[in-house]
Amino acid sequence: MDKAPGADGVVDLTMSDFNDVMKYEAAHTRMASEVRGGFDKLPVWERAVVHSKADSIFYGDNGGKFFRIVREGGAPIGPYRGGDFNYIKQGMTFRASGDSQGEMRAAIVGWNASGAGMSSNIPQRIFLSEVGYYYYENYGGD
């Protein structure tokens with residue numbers, strides 16, 4: 001993610017930028033699943049490990065940065081920290097694993113409420129994981 005933050009400290013992504021990220025993350029999720037013979041065929045404990053390692057380009061060095069998706073003619077989405085946007089990848093991975101949205105939400109709440117994440121960020125993390133879940137459901141197989 002080479003874009004520099006604006007004067008307000010937020011990195012603005014166009015819908016085109018965001019679409020490119022979504023395509024990349026869906027392709028990466030699909031390939032990682034295929035290499036393992038299908039996430040949906042793994043035992044539950046191994047899927048839990050896959051979920052815990054499912055990180056996107058919003059993780060790592062980008063985890064603490066703020067990002068906003070700017071939509072022409074619409075309200076922006078965000079700003080959210082990269083660590084929150086990372087949950088889009090979680091949603092894709094849960095969908096590729098054949099897990100339900102309820103299972104995904106419970107895992108996200110549990111992870112963040114346990115102190116491993118940030119409990120104050122649970123609502124946006126669930127929202128963003130659902131974005132990834134639905135995207136992968138509709139476009140992940142392409």
# chains A, B, ... in the order shown; residues from 1 in each chain; ligands from 1
>>> residues_around(residues="Gly102 in chain A", least_positions_apart="5", cutoff="12 Å", atoms="only C-alpha atoms", output="PyMOL selection string")
chain A and resi 91+94-95+107-109+126+129-130+133
>>> closest_atom_pairs(of="range 48-120 of chain A", to="range 15-38 of chain A", cutoff="9 Å", atoms="only C-alpha atoms", output="Markdown table")
| residue | atom | partner | partner_atom | distance |
| --- | --- | --- | --- | --- |
| A:Ala54 | CA | A:Thr29 | CA | 8.3 |
| A:Ser56 | CA | A:Glu25 | CA | 6.7 |
| A:Ile57 | CA | A:Val21 | CA | 8.1 |
| A:Ile69 | CA | A:Met15 | CA | 6.5 |
| A:Val70 | CA | A:Met15 | CA | 6.5 |
| A:Arg71 | CA | A:Met15 | CA | 6.1 |
| A:Glu72 | CA | A:Met15 | CA | 8.3 |
| A:Ile88 | CA | A:Met22 | CA | 8.4 |
| A:Lys89 | CA | A:Glu25 | CA | 6.7 |
| A:Met92 | CA | A:Ala26 | CA | 6.8 |
| A:Thr93 | CA | A:Thr29 | CA | 6.4 |
| A:Ala96 | CA | A:Ser33 | CA | 7.2 |
| A:Ser97 | CA | A:Gly38 | CA | 7.4 |
>>> closest_residue(among="A:Trp45, A:Phe127, A:Phe85, A:Tyr135", to="Phe58 in chain A", atoms="only C-alpha atoms")
A:Phe85
>>> select_by_dssp(residues="chain A", states="helix (DSSP H, G or I)", output="PyMOL selection string")
chain A and resi 15-35+39-41+44-52+60-62+82-85+87-96+101-113+119-139
>>> select_by_dssp(residues="range 63-118 of chain A", states="strand (DSSP E or B)", output="list in words")
Phe66, Phe67, Arg68, Ile69, Val70, Ile77, Gly78, Pro79, Tyr80 and Arg81 of chain A
>>> residues_around(residues="Lys65 in chain A", least_positions_apart="3", cutoff="7 Å", atoms="only C-alpha atoms", output="list in words")
Asn62, Arg81 and Gly82 of chain A
>>> residues_around(residues="Asn112 in chain A", least_positions_apart="6", cutoff="10 Å", atoms="only C-alpha atoms", output="list in words")
Ala106, Met118, Ser119, Ser120, Asn121, Ile122 and Arg125 of chain A
>>> closest_residue(among="A:Val50, A:Lys41, A:Phe67, A:Asp55", to="Asp8 in chain A", atoms="only C-alpha atoms")
A:Phe67
>>> closest_residue(among="A:Gly9, A:Gly63, A:Gly98, A:Gly74", to="Val44 in chain A", atoms="only C-alpha atoms")
A:Gly98
>>> closest_residue(among="A:Gly140, A:Gly73, A:Gly60, A:Gly78", to="Val10 in chain A", atoms="only C-alpha atoms")
A:Gly78
>>> atom_distance(atom1="CA of Glu137 in chain A", atom2="CA of Glu46 in chain A")
21.2 Å
>>> atom_distance(atom1="CA of Val131 in chain A", atom2="CA of Ala7 in chain A")
27.8 Å
